[in-house]
Amino acid sequence: MSQMTPTPNATASAPADATAAHGKSPLDYLKHNFREYGMLITLVAIMAFFQYMTEGTLMQPLNLTNLVLQNSYIVIMALGMLLVIVAGHIDLSVGSVCGFIGALAAVLMVQYEWHFVPASLLCLACGALIGATQGWFIAFFRIPSFIVTLAGMLVFKGLALALLQGQSVGPFPDSFQMLSSGFMPDLLNAEGLRMTSLLLGVAVAGLLAVAGLRTRANQLKHGIQAEPAVIFFTKTAVFAALLVYFSYLLASYKGLPNVLIVMALLIFLFDFITSRTTIGRRVYALGGNEKAAKLSGIKTERLSFYTFVNMGVLAALAGLVFAARLNTATPKAGLGFELDVIAACFIGGASASGGVGKVMGAVIGAFVMGVMNNGMSILGVGIDYQQVIKGVVLLAAVFVDVYNKNKA
């Protein structure tokens with residue numbers, strides 16, 4: 001995975017940090033960059049723990065597929081929520097918007113018998129409109145995002161209930177269900193193993209390794225501090241091996257789920273936007289110091305507005321994915337999703353004060369929550385204690401973030 005561009009609020013100290021970290025041992029480098037590696041190590045440790053406690057059930061192909069499907073909509077919304085949090089805001093309405101869009105899709109496809117393509121496009125446009133409306137009040141009228149999106153949570157929860165008239169609506173057309181329940185076809189028609197999915201996984205692992213090598217080479221060429229060789233090659237080899245192994249496990253079942261491909265494309269897109277584009281750097285500048293960003297010529301109001309439009313579109317997409325997976329729209333769909341999405345971002349290293357956070361961190365945070373939910377369910381832990389444990393994990397993640405910031 002390519003290295004993320006330093007956030008603007010940390011830019012001033014980057015040369016000093018680079019000089020201080022230069023020449024240190026790999027262990028010192030890990031300590032200096034604890035935020036980047038801590039949650040990845042935590043995810044691996046949690047997976048190993050539940051793999052042992054469930055006697056291998058966690059990593060079985062069927063359960064691994066379910067893990068991807070169960071967390072796909074959380075990951076999709078976490079990508080949008082990350083930008084909102086980095087910009088210094090919060091969005092409490094995403095769960096209700098997700099449920100409302102699923103209800104709208106059900107009414108269009110089931111009751112009015114629309115084809116799933118125009119219905120889906122209209123739902124995405126509706127999500128953009130919802131995000132734009134909330135973003136308008138937040139960005140241009142300076143109403144706190146907490147208040148606006150709290151109102152939105154109540155409004156769209158009520159609208160979903162009214163749209164469905166208090167009843168579940170379904171089932172959806174088979175073609176629409178393929179969004180969440182479909183799998184990548186095996187073009188090679190191999191028996192016992194979906195070779196197309198496996199080869200795609202191997203190809204992606206190879207491309208990511210090559211991209212990482214090129215990024216590292218460019219950093220060294222321009223005198224920018226890079227990861228110690230031991231850490232870089234170990235991380236690249238382990239990540240590539242895990243990616244190939246997961247692809248093999250999925251290929252031994254039904255192959256790569258369609259929603260996993262959609263999710264991967266979105267992750268790469270948002271990683272590119274946040275690390276290699278002007279608008280991505282400006283979002284970090286906005287969250288780091290809004291006044292300084294405005295004085296430097298950044299249109300901060302417009303940028304905040306765009307982050308909420310983006311959040312609305314991704315919440316709508318997540319609503320479509322969730323509805324397709326359930327094969328029905330229910331009035332309670334999306335309940336509590338906003339808590340998991342926000343928790344995923346904070347657990348993944350995003351700062352509550354804005355300006356700090358990475359795409360892969362949010363994805364890792366989402367899967368930390370997902371693996372914990374899945375593993376505890378397999379072990380028979382009640383939903384009551386699951387909520388307690390997730391709350392403690394979230395508090396611990398934020399505590400570590402604040403502690404490291406104060407220590408620095």
# chains A, B, ... in the order shown; residues from 1 in each chain; ligands from 1
>>> closest_atom_pairs(of="region 203-278 of chain A", to="region 57-80 of chain A", cutoff="10 Å", atoms="only C-alpha atoms", output="CSV")
residue,atom,partner,partner_atom,distance
A:Phe246,CA,A:Leu64,CA,8.4
A:Ser247,CA,A:Pro61,CA,9.7
A:Tyr248,CA,A:Pro61,CA,8.9
A:Leu249,CA,A:Pro61,CA,5.1
A:Leu250,CA,A:Pro61,CA,5.5
A:Ala251,CA,A:Pro61,CA,8.3
A:Ser252,CA,A:Pro61,CA,6.9
A:Tyr253,CA,A:Pro61,CA,5.8
A:Lys254,CA,A:Thr65,CA,8.7
A:Gly255,CA,A:Thr65,CA,8.9
A:Leu256,CA,A:Thr65,CA,8.2
A:Pro257,CA,A:Thr65,CA,7.5
A:Asn258,CA,A:Leu69,CA,9.6
A:Val259,CA,A:Ser72,CA,6.9
A:Leu260,CA,A:Val68,CA,6.9
A:Val262,CA,A:Ile76,CA,9.1
A:Met263,CA,A:Ile76,CA,6.5
A:Ala264,CA,A:Ile76,CA,9.6
A:Leu266,CA,A:Ile76,CA,7.6
A:Ile267,CA,A:Leu79,CA,7.4
A:Phe270,CA,A:Leu79,CA,7.2
A:Asp271,CA,A:Leu79,CA,9.3
>>> residues_around(residues="region 319-323 of chain A", least_positions_apart="2", cutoff="10 Å", atoms="only C-alpha atoms", output="PyMOL selection string")
chain A and resi 69-74+76-77+94-106+120+123-124+127+170-172+176-181+259+313-317+325-330+333-334
>>> write_last_selection(atoms="C-alpha atoms", output="mmCIF file, in the first residue's frame")
data_model
loop_
_atom_site.group_PDB
_atom_site.id
_atom_site.type_symbol
_atom_site.label_atom_id
_atom_site.label_comp_id
_atom_site.auth_asym_id
_atom_site.auth_seq_id
_atom_site.Cartn_x
_atom_site.Cartn_y
_atom_site.Cartn_z
ATOM 1 C CA LEU A 69 -20.458 -9.420 3.779
ATOM 2 C CA GLN A 70 -21.333 -8.409 7.340
ATOM 3 C CA ASN A 71 -18.813 -5.567 7.407
ATOM 4 C CA SER A 72 -18.979 -4.320 3.826
ATOM 5 C CA TYR A 73 -21.469 -1.543 4.497
ATOM 6 C CA ILE A 74 -19.576 -0.451 7.633
ATOM 7 C CA ILE A 76 -18.032 1.739 2.845
ATOM 8 C CA MET A 77 -19.468 4.294 5.255
ATOM 9 C CA VAL A 94 -25.489 7.803 8.385
ATOM 10 C CA GLY A 95 -27.352 4.847 9.913
ATOM 11 C CA SER A 96 -30.745 6.454 9.359
ATOM 12 C CA VAL A 97 -29.800 7.548 5.821
ATOM 13 C CA CYS A 98 -28.655 3.988 5.105
ATOM 14 C CA GLY A 99 -32.023 2.613 6.275
ATOM 15 C CA PHE A 100 -33.996 5.299 4.419
ATOM 16 C CA ILE A 101 -32.206 4.598 1.118
ATOM 17 C CA GLY A 102 -32.875 0.871 1.531
ATOM 18 C CA ALA A 103 -36.559 1.668 2.062
ATOM 19 C CA LEU A 104 -36.601 3.919 -1.015
ATOM 20 C CA ALA A 105 -34.951 1.186 -3.094
ATOM 21 C CA ALA A 106 -37.552 -1.339 -1.911
ATOM 22 C CA SER A 120 -29.997 2.464 -7.691
ATOM 23 C CA CYS A 123 -30.997 6.267 -4.602
ATOM 24 C CA LEU A 124 -27.372 7.394 -4.918
ATOM 25 C CA GLY A 127 -28.023 10.217 -0.860
ATOM 26 C CA GLY A 170 -39.295 -7.353 -0.253
ATOM 27 C CA PRO A 171 -37.984 -9.491 -1.783
ATOM 28 C CA PHE A 172 -35.759 -7.624 -4.230
ATOM 29 C CA PHE A 176 -30.154 -6.510 -7.487
ATOM 30 C CA GLN A 177 -29.352 -9.128 -4.837
ATOM 31 C CA MET A 178 -26.172 -9.964 -6.768
ATOM 32 C CA LEU A 179 -24.682 -6.695 -5.474
ATOM 33 C CA SER A 180 -24.279 -8.227 -2.029
ATOM 34 C CA SER A 181 -24.876 -11.962 -2.414
ATOM 35 C CA VAL A 259 -19.207 -6.422 -2.734
ATOM 36 C CA VAL A 313 -23.430 9.047 -1.467
ATOM 37 C CA LEU A 314 -21.499 6.386 0.459
ATOM 38 C CA ALA A 315 -24.295 6.047 3.031
ATOM 39 C CA ALA A 316 -26.707 5.498 0.134
ATOM 40 C CA LEU A 317 -24.413 2.872 -1.404
ATOM 41 C CA ARG A 325 -27.934 -8.625 1.602
ATOM 42 C CA LEU A 326 -31.128 -8.818 3.689
ATOM 43 C CA ASN A 327 -33.255 -9.105 0.526
ATOM 44 C CA THR A 328 -35.795 -6.869 2.220
ATOM 45 C CA ALA A 329 -36.136 -3.361 3.642
ATOM 46 C CA THR A 330 -37.194 -3.030 7.273
ATOM 47 C CA ALA A 333 -32.525 -1.110 9.090
ATOM 48 C CA GLY A 334 -29.423 0.935 9.850
#
>>> atom_distance(atom1="CA of Ile389 (chain A)", atom2="CA of Leu92 (chain A)")
21.4 Å
>>> residues_around(residues="Ala48 (chain A)", least_positions_apart="6", cutoff="12 Å", atoms="only C-alpha atoms", output="CSV table (one decimal) with all heavy atoms, in the first residue's frame")
chain,number,residue,atom,x,y,z
A,41,ILE,N,-1.2,-4.4,14.0
A,41,ILE,CA,-0.8,-5.5,14.9
A,41,ILE,C,-1.9,-5.9,15.8
A,41,ILE,O,-2.1,-7.1,16.0
A,41,ILE,CB,0.4,-5.0,15.8
A,41,ILE,CG1,1.6,-4.6,14.9
A,41,ILE,CG2,0.8,-6.0,16.8
A,41,ILE,CD1,2.7,-4.0,15.6
A,42,THR,N,-2.8,-5.0,16.2
A,42,THR,CA,-3.9,-5.3,17.1
A,42,THR,C,-4.9,-6.2,16.3
A,42,THR,O,-5.4,-7.2,16.8
A,42,THR,CB,-4.6,-4.1,17.6
A,42,THR,OG1,-3.7,-3.3,18.3
A,42,THR,CG2,-5.8,-4.4,18.4
A,54,THR,N,-12.0,-20.1,18.8
A,54,THR,CA,-13.1,-20.8,18.0
A,54,THR,C,-12.7,-22.1,17.4
A,54,THR,O,-13.4,-22.6,16.6
A,54,THR,CB,-13.7,-19.8,17.0
A,54,THR,OG1,-12.6,-19.5,16.0
A,54,THR,CG2,-14.2,-18.5,17.6
A,55,GLU,N,-11.5,-22.5,17.7
A,55,GLU,CA,-10.9,-23.8,17.2
A,55,GLU,C,-10.9,-23.8,15.6
A,55,GLU,O,-11.3,-24.8,15.0
A,55,GLU,CB,-11.7,-25.0,17.7
A,55,GLU,CG,-11.7,-25.1,19.2
A,55,GLU,CD,-12.5,-26.3,19.8
A,55,GLU,OE1,-13.2,-26.9,19.0
A,55,GLU,OE2,-12.4,-26.6,20.9
A,56,GLY,N,-10.5,-22.7,15.1
A,56,GLY,CA,-10.4,-22.6,13.6
A,56,GLY,C,-11.6,-22.1,12.8
A,56,GLY,O,-11.5,-22.0,11.6
A,57,THR,N,-12.7,-21.9,13.5
A,57,THR,CA,-13.9,-21.6,12.8
A,57,THR,C,-13.8,-20.2,12.2
A,57,THR,O,-14.4,-19.9,11.1
A,57,THR,CB,-15.1,-21.6,13.8
A,57,THR,OG1,-15.2,-22.9,14.4
A,57,THR,CG2,-16.4,-21.2,13.1
A,58,LEU,N,-13.1,-19.3,12.8
A,58,LEU,CA,-13.1,-17.9,12.3
A,58,LEU,C,-12.6,-17.8,10.9
A,58,LEU,O,-13.1,-17.1,10.1
A,58,LEU,CB,-12.2,-17.0,13.3
A,58,LEU,CG,-12.1,-15.6,12.8
A,58,LEU,CD1,-13.3,-14.8,13.2
A,58,LEU,CD2,-10.9,-14.9,13.5
A,59,MET,N,-11.5,-18.6,10.6
A,59,MET,CA,-10.9,-18.4,9.3
A,59,MET,C,-11.4,-19.5,8.3
A,59,MET,O,-10.8,-19.7,7.2
A,59,MET,CB,-9.4,-18.6,9.4
A,59,MET,CG,-8.8,-17.5,10.2
A,59,MET,SD,-9.0,-15.8,9.4
A,59,MET,CE,-7.9,-16.1,8.0
A,368,VAL,N,-11.6,-4.6,12.8
A,368,VAL,CA,-11.4,-4.9,14.3
A,368,VAL,C,-12.7,-5.1,14.9
A,368,VAL,O,-13.0,-6.1,15.6
A,368,VAL,CB,-10.6,-3.8,15.0
A,368,VAL,CG1,-10.7,-4.0,16.5
A,368,VAL,CG2,-9.1,-3.9,14.6
A,371,VAL,N,-14.4,-8.4,13.3
A,371,VAL,CA,-13.8,-9.6,13.8
A,371,VAL,C,-14.3,-9.9,15.3
A,371,VAL,O,-14.6,-11.0,15.7
A,371,VAL,CB,-12.3,-9.6,13.7
A,371,VAL,CG1,-11.7,-10.8,14.4
A,371,VAL,CG2,-11.9,-9.7,12.2
A,372,MET,N,-14.3,-8.8,16.1
A,372,MET,CA,-14.8,-8.9,17.5
A,372,MET,C,-16.2,-9.4,17.5
A,372,MET,O,-16.6,-10.3,18.3
A,372,MET,CB,-14.6,-7.6,18.2
A,372,MET,CG,-13.1,-7.3,18.5
A,372,MET,SD,-12.9,-5.7,19.3
A,372,MET,CE,-13.9,-5.9,20.7
A,375,GLY,N,-16.3,-13.1,16.2
A,375,GLY,CA,-15.7,-14.0,17.1
A,375,GLY,C,-16.5,-14.2,18.4
A,375,GLY,O,-16.7,-15.3,18.8
>>> closest_residue(among="A:Ser93, A:Asn374, A:Gln225, A:Asn289", to="Gly354 (chain A)", atoms="only C-alpha atoms")
A:Asn289
>>> closest_residue(among="A:Phe232, A:Ala128, A:Gln387, A:Thr300", to="Arg142 (chain A)", atoms="only C-alpha atoms")
A:Thr300
>>> atom_distance(atom1="CA of Val84 (chain A)", atom2="CA of Phe141 (chain A)")
17.0 Å
>>> closest_atom_pairs(of="region 137-231 of chain A", to="region 237-244 of chain A", cutoff="10 Å", atoms="only C-alpha atoms", output="Markdown table")
| residue | atom | partner | partner_atom | distance |
| --- | --- | --- | --- | --- |
| A:Leu198 | CA | A:Val244 | CA | 7.3 |
| A:Leu199 | CA | A:Val244 | CA | 8.7 |
| A:Leu200 | CA | A:Val244 | CA | 9.1 |
| A:Gly201 | CA | A:Val244 | CA | 5.7 |
| A:Val202 | CA | A:Val244 | CA | 5.4 |
| A:Ala203 | CA | A:Val244 | CA | 9.0 |
| A:Val204 | CA | A:Leu243 | CA | 8.3 |
| A:Ala205 | CA | A:Ala240 | CA | 5.0 |
| A:Gly206 | CA | A:Ala240 | CA | 7.2 |
| A:Leu207 | CA | A:Ala240 | CA | 9.6 |
| A:Leu208 | CA | A:Ala240 | CA | 7.9 |
| A:Ala209 | CA | A:Ala240 | CA | 7.1 |
| A:Ile231 | CA | A:Ala237 | CA | 9.9 |
>>> write_last_selection(atoms="C-alpha atoms", output="PDB file, in the first residue's frame")
ATOM      1  CA  LEU A 198      -7.284 -16.705  -6.666  1.00  0.00           C
ATOM      2  CA  LEU A 199      -5.319 -15.285  -9.585  1.00  0.00           C
ATOM      3  CA  LEU A 200      -6.892 -11.883  -9.073  1.00  0.00           C
ATOM      4  CA  GLY A 201      -5.842 -11.942  -5.432  1.00  0.00           C
ATOM      5  CA  VAL A 202      -2.273 -12.891  -6.404  1.00  0.00           C
ATOM      6  CA  ALA A 203      -2.203 -10.117  -9.030  1.00  0.00           C
ATOM      7  CA  VAL A 204      -3.414  -7.483  -6.551  1.00  0.00           C
ATOM      8  CA  ALA A 205      -0.827  -8.619  -3.985  1.00  0.00           C
ATOM      9  CA  GLY A 206       1.889  -8.299  -6.622  1.00  0.00           C
ATOM     10  CA  LEU A 207       0.724  -4.862  -7.750  1.00  0.00           C
ATOM     11  CA  LEU A 208       0.620  -3.568  -4.182  1.00  0.00           C
ATOM     12  CA  ALA A 209       4.139  -4.883  -3.550  1.00  0.00           C
ATOM     13  CA  ILE A 231      10.234  -3.285   8.473  1.00  0.00           C
TER      14      ILE A 231
END
>>> closest_residue(among="A:Ile347, A:Leu27, A:Val148, A:Ala362", to="His89 (chain A)", atoms="only C-alpha atoms")
A:Val148
>>> closest_residue(among="A:Gly135, A:Gly212, A:Gly287, A:Gly158", to="Val356 (chain A)", atoms="only C-alpha atoms")
A:Gly287
>>> residues_around(residues="region 301-305 of chain A", least_positions_apart="5", cutoff="7 Å", atoms="only C-alpha atoms", output="compact mmCIF listing (two decimals) with N, CA, C and O atoms, in the first residue's frame")
# COMPACT_ATOMS: atom_id res chain seq x y z
N ALA A 87 -11.98 16.41 8.57
CA ALA A 87 -12.34 17.81 8.35
C ALA A 87 -12.81 18.52 9.61
O ALA A 87 -13.09 19.72 9.59
N ALA A 132 -25.80 16.90 0.74
CA ALA A 132 -25.68 18.31 0.36
C ALA A 132 -26.53 19.20 1.27
O ALA A 132 -26.10 20.29 1.66
N GLY A 135 -24.83 19.27 4.63
CA GLY A 135 -23.58 20.00 4.48
C GLY A 135 -23.78 21.49 4.29
O GLY A 135 -22.95 22.30 4.73
N TRP A 136 -24.89 21.88 3.65
CA TRP A 136 -25.19 23.29 3.44
C TRP A 136 -25.38 24.02 4.78
O TRP A 136 -24.82 25.09 5.01
N ALA A 139 -21.79 23.89 6.62
CA ALA A 139 -20.69 24.65 6.03
C ALA A 139 -20.99 26.14 5.90
O ALA A 139 -20.13 26.98 6.20
N PHE A 140 -22.19 26.47 5.47
CA PHE A 140 -22.48 27.87 5.14
C PHE A 140 -23.28 28.61 6.22
O PHE A 140 -23.23 29.83 6.29
N VAL A 283 -8.32 18.79 2.77
CA VAL A 283 -9.20 18.30 3.83
C VAL A 283 -8.44 18.16 5.14
O VAL A 283 -8.93 18.53 6.21
>>> closest_residue(among="A:Lys332, A:Met311, A:Met81, A:Lys294", to="Phe346 (chain A)", atoms="only C-alpha atoms")
A:Met81
>>> atom_distance(atom1="CA of Leu213 (chain A)", atom2="CA of Thr234 (chain A)")
12.4 Å
>>> residues_around(residues="region 390-398 of chain A", least_positions_apart="5", cutoff="9 Å", atoms="only C-alpha atoms", output="PyMOL selection string")
chain A and resi 343-344+346-352+369+372-373+385+403
>>> write_last_selection(atoms="C-alpha atoms", output="PDB file, in the first residue's frame")
ATOM      1  CA  ALA A 343     -15.952   3.756  16.243  1.00  0.00           C
ATOM      2  CA  ALA A 344     -14.148   2.205  13.247  1.00  0.00           C
ATOM      3  CA  PHE A 346     -11.486   6.376  15.903  1.00  0.00           C
ATOM      4  CA  ILE A 347     -10.176   2.869  16.541  1.00  0.00           C
ATOM      5  CA  GLY A 348      -8.295   3.135  13.233  1.00  0.00           C
ATOM      6  CA  GLY A 349      -6.382   6.187  14.419  1.00  0.00           C
ATOM      7  CA  ALA A 350      -8.514   9.164  13.423  1.00  0.00           C
ATOM      8  CA  SER A 351      -8.282  12.050  15.867  1.00  0.00           C
ATOM      9  CA  ALA A 352     -11.400  13.438  17.500  1.00  0.00           C
ATOM     10  CA  MET A 369     -14.993  -4.281  15.180  1.00  0.00           C
ATOM     11  CA  MET A 372     -14.769  -8.946  17.459  1.00  0.00           C
ATOM     12  CA  ASN A 373     -18.496  -9.124  16.672  1.00  0.00           C
ATOM     13  CA  TYR A 385     -21.501  -8.030  26.862  1.00  0.00           C
ATOM     14  CA  TYR A 403      -2.092  10.056  25.506  1.00  0.00           C
TER      15      TYR A 403
END
>>> residues_around(residues="Leu187 (chain A)", least_positions_apart="6", cutoff="9 Å", atoms="only C-alpha atoms", output="PyMOL selection string")
chain A and resi 194-196
>>> write_last_selection(atoms="N, CA and C atoms", output="PDB file, in the first residue's frame")
ATOM      1  N   ARG A 194     -11.921 -21.702  -7.260  1.00  0.00           N
ATOM      2  CA  ARG A 194     -12.223 -20.588  -8.170  1.00  0.00           C
ATOM      3  C   ARG A 194     -10.920 -19.904  -8.555  1.00  0.00           C
ATOM      4  N   MET A 195     -10.314 -20.386  -9.644  1.00  0.00           N
ATOM      5  CA  MET A 195      -8.987 -19.925 -10.024  1.00  0.00           C
ATOM      6  C   MET A 195      -8.965 -18.452 -10.398  1.00  0.00           C
ATOM      7  N   THR A 196     -10.032 -17.945 -10.991  1.00  0.00           N
ATOM      8  CA  THR A 196     -10.062 -16.534 -11.371  1.00  0.00           C
ATOM      9  C   THR A 196      -9.934 -15.645 -10.139  1.00  0.00           C
TER      10      THR A 196
END
>>> closest_residue(among="A:Val107, A:Lys358, A:Leu339, A:Phe272", to="Ala160 (chain A)", atoms="only C-alpha atoms")
A:Val107
